[in-house]
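Trainee: Below are the structure tokens for one structure; questions will follow.
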Amino acid sequence: MNVRRRSSAAALAAIAVIGAAAAPAAAADPSSSPSASAPSEPSGLYGTADPQYDGVWRQSLALLAQKTVGVVPSSKAVDWLTGQQCDNGAFAPFRADPSKACDAKTMADTNNTAAAVQALWAVGGRGDVVESALTWLKSVQNKDGGWGYTPGGPSDANSTSLVIGALTATGTGPEQVRKDGKSPYDALLGFALPCAEDKGSGAFAFQPDEDGKLLANADATAAGVLGALGKGLVTEAGEKTDDAACTDAEKPTREQAAANGAAHLADAVAEDGHLKSALGGSADQPDYGNTADAVVALAAQGGVEKAAEPLAWLEKNAAKWAERSGPAAYAQLIFAAHATGTDPRAFGGTDLVAELNATGPGPQGAEARDTATASDQADEKDEKKDESGFGLWWFVGVCLVLGIGIGFLLSGRNKKRQP
């Protein structure tokens, strides 16, 4: 869930490459001046970068992370997110003019909608918004039981897992949400690779390639493990397990597919303590966002000890990445800390909560006092980031060069409305 899902897949893959937060999977938020097409400082929005591609995503992760650590988000921030919803219940990455009705040109998607559902349910008091969003998600479910990034698009592991998380968070059993007799789990297990003597053993693929072949994808695997377990973006550690190897079965259960995916992730981080990514023609580099997602998945599937190595690496190395990338990155690290029982206010020497709070409107209550000091520090960091030349348009330029469409994650309910 790294500031996660490519036209859905390709975009988050590119984000992961430079260490941005979950789609889907989370989206990058380096500090830069917003473009002329967007408001200079949208009221209530976290982060200072142009929100065109990730406004709803980073806002959702920020609010969800704050609630996870007991911070009451600013009402202005919550209102900003709810104001982004279309009349049909869906969310797009960003609407510059929320007063203008959504139309056929509004790029609503399942990833931003599922993330907003999880955030607004956690915040509370937005039952009508959540209900409407879930109704829309059910309406665009594919015949295989899953979801694609955009309505009508082929199902993928990340989008399907994100919607499973939204259903679970709101008290709906994903297995009860069916299309043509197929549940989300039926679709998700279709992306699980069998065990084999290669690097793709037990992983999840994002989607079959053009030849119908499943290719291992770390981002999709982290999302797929959580989805198979019926977990959302925020989860606690599961029971300790000793399963360390992929186990084949003709028809694996959800639990077995999750264990196989976790075994793949554990193997992937074993050498260096982190996942890797690379731009075309460049050397491998640390993938901070997907490593954070992997920590959450490993802990959820097999307990804290399974995630110990990549967690330690994040504590030592991720602070600068989060500083560059913004609110969604801080949120991802908070999710990793929460899943492993680690104090997010002392994460490798960084107070993730104060840093996140300082990227947007001050939270309600006592946390606001802490944010004031962190905000001053954030201003100094912004100046340094401006001087560094690392900005959103560098990121967008890379994506354009690669020909990657931007989209975010890095994956119904019949229950009564939230009070």
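By order in the structure tokens, chains are A, B, ...; within a chain, residues start at 1; ligands start at 1, following the order shown.
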Please run DSSP on the backbone and report, as a ChimeraX atom specification, all residues within stretch 50-159 of chain A that come out as helix (DSSP H, G or I).
Mentor: /A:55-68,75-82,110-123,127-139,157-159
Trainee: With distances taken over only C-alpha atoms, which residue among A:Val269, A:Ala157, A:Ala292, A:Ala169 lies nearest A:Gly227?
Mentor: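 Among A:Val269, A:Ala157, A:Ala292, A:Ala169, it is A:Ala157 that comes nearest to A:Gly227.
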Trainee: Tell me, as a ChimeraX atom specification, which residues lie within 9 Å of A:Ala258, counting only C-alpha atoms; anything in the same chain fewer than 3 positions away does not count.
Mentor: /A:202,221,224-229,253-255,261-263,297,301
Trainee: What does the file look like for those residues with N, CA and C atoms, as a compact mmCIF listing (two decimals), in the first residue's frame?
Mentor:
# COMPACT_ATOMS: atom_id res chain seq x y z
N GLY A 202 5.14 -18.58 -5.26
CA GLY A 202 4.17 -18.19 -4.24
C GLY A 202 3.72 -16.75 -4.28
N THR A 221 2.01 -8.59 -4.43
CA THR A 221 2.10 -9.64 -3.42
C THR A 221 1.77 -9.11 -2.03
N GLY A 224 -1.84 -8.55 -2.09
CA GLY A 224 -2.55 -9.82 -2.16
C GLY A 224 -2.57 -10.58 -0.85
N VAL A 225 -1.48 -10.51 -0.10
CA VAL A 225 -1.44 -11.18 1.21
C VAL A 225 -2.50 -10.58 2.12
N LEU A 226 -2.57 -9.24 2.19
CA LEU A 226 -3.57 -8.59 3.03
C LEU A 226 -4.98 -8.89 2.54
N GLY A 227 -5.17 -8.85 1.21
CA GLY A 227 -6.48 -9.13 0.66
C GLY A 227 -6.94 -10.55 0.96
N ALA A 228 -6.04 -11.50 0.78
CA ALA A 228 -6.38 -12.90 1.05
C ALA A 228 -6.74 -13.12 2.51
N LEU A 229 -6.13 -12.34 3.39
CA LEU A 229 -6.44 -12.44 4.82
C LEU A 229 -7.68 -11.64 5.19
N THR A 253 -6.24 -22.49 -0.28
CA THR A 253 -7.18 -21.67 0.47
C THR A 253 -6.65 -20.24 0.51
N ARG A 254 -7.48 -19.33 0.98
CA ARG A 254 -7.03 -17.94 1.13
C ARG A 254 -5.84 -17.87 2.07
N GLU A 255 -5.94 -18.60 3.17
CA GLU A 255 -4.87 -18.59 4.17
C GLU A 255 -3.57 -19.14 3.60
N GLY A 261 2.43 -16.10 -0.28
CA GLY A 261 2.85 -14.75 -0.63
C GLY A 261 3.81 -14.17 0.39
N ALA A 262 3.54 -14.43 1.67
CA ALA A 262 4.43 -13.95 2.72
C ALA A 262 5.80 -14.62 2.63
N ALA A 263 5.81 -15.91 2.28
CA ALA A 263 7.09 -16.60 2.11
C ALA A 263 7.90 -15.97 0.98
N ALA A 297 2.25 -6.67 5.55
CA ALA A 297 1.77 -7.97 5.09
C ALA A 297 2.42 -9.11 5.87
N GLN A 301 0.39 -11.66 8.42
CA GLN A 301 0.28 -13.09 8.11
C GLN A 301 0.98 -13.98 9.14
Trainee: Have a look at A:Asp109, A:Asp180, A:Asp128, A:Glu175 and name the one nearest to A:Trp147; count only C-alpha atoms.
Mentor: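 For A:Trp147, the nearest of the given residues is A:Asp109.
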Trainee: Give the strand (DSSP E or B) residues of stretch 192-333 of chain A, as assigned by DSSP on the backbone, as an NGL selection string.
Mentor: :A and (192 or 204-208 or 214-216 or 276-277 or 285-286)
Trainee: Report as a Markdown table: every residue of stretch 168-252 of chain A with an atom at most 10 Å from stretch 304-308 of chain A, its closest pair of atoms, and their distance in Å to one decimal, counting only C-alpha atoms, with rows sorted by chain and ascending residue number.
Mentor:
| residue | atom | partner | partner_atom | distance |
| --- | --- | --- | --- | --- |
| A:Glu236 | CA | A:Val304 | CA | 9.2 |
| A:Ala237 | CA | A:Val304 | CA | 6.0 |
| A:Gly238 | CA | A:Val304 | CA | 7.8 |
| A:Glu239 | CA | A:Val304 | CA | 8.5 |
| A:Lys240 | CA | A:Val304 | CA | 7.4 |
| A:Thr241 | CA | A:Lys306 | CA | 8.5 |
| A:Asp242 | CA | A:Lys306 | CA | 9.2 |
| A:Ala244 | CA | A:Lys306 | CA | 9.2 |
Trainee: Produce a file of the selected residues containing C-alpha atoms, as a tab-separated table (two decimals), in the first residue's frame.
Mentor:
chain	number	residue	atom	x	y	z
A	236	GLU	CA	-2.33	-5.61	13.63
A	237	ALA	CA	0.10	-8.50	13.75
A	238	GLY	CA	-1.31	-11.97	13.29
A	239	GLU	CA	-0.39	-15.06	15.25
A	240	LYS	CA	3.16	-16.27	14.94
A	241	THR	CA	3.58	-18.94	12.29
A	242	ASP	CA	6.48	-21.17	11.43
A	244	ALA	CA	8.68	-20.34	5.88
Trainee: Check which residues of stretch 214-282 of chain A sit at most 10 Å from stretch 310-328 of chain A using only C-alpha atoms, and return one row each with the closest pair of atoms and their distance in Å to one decimal, ordered by chain and rising number, as a tab-separated table.
Mentor:
residue	atom	partner	partner_atom	distance
A:Ala266	CA	A:Pro310	CA	8.9
A:Val269	CA	A:Pro310	CA	6.7
A:Ala270	CA	A:Pro310	CA	8.4
A:Asp272	CA	A:Pro310	CA	8.4
A:Gly273	CA	A:Pro310	CA	4.7
A:His274	CA	A:Pro310	CA	5.5
A:Leu275	CA	A:Pro310	CA	8.5
Trainee: Could you give me, as a count of residues only, the residues within 12 Å of A:Ala337, counting only C-alpha atoms and dropping anything in the same chain fewer than 3 positions from it?
Mentor: 40
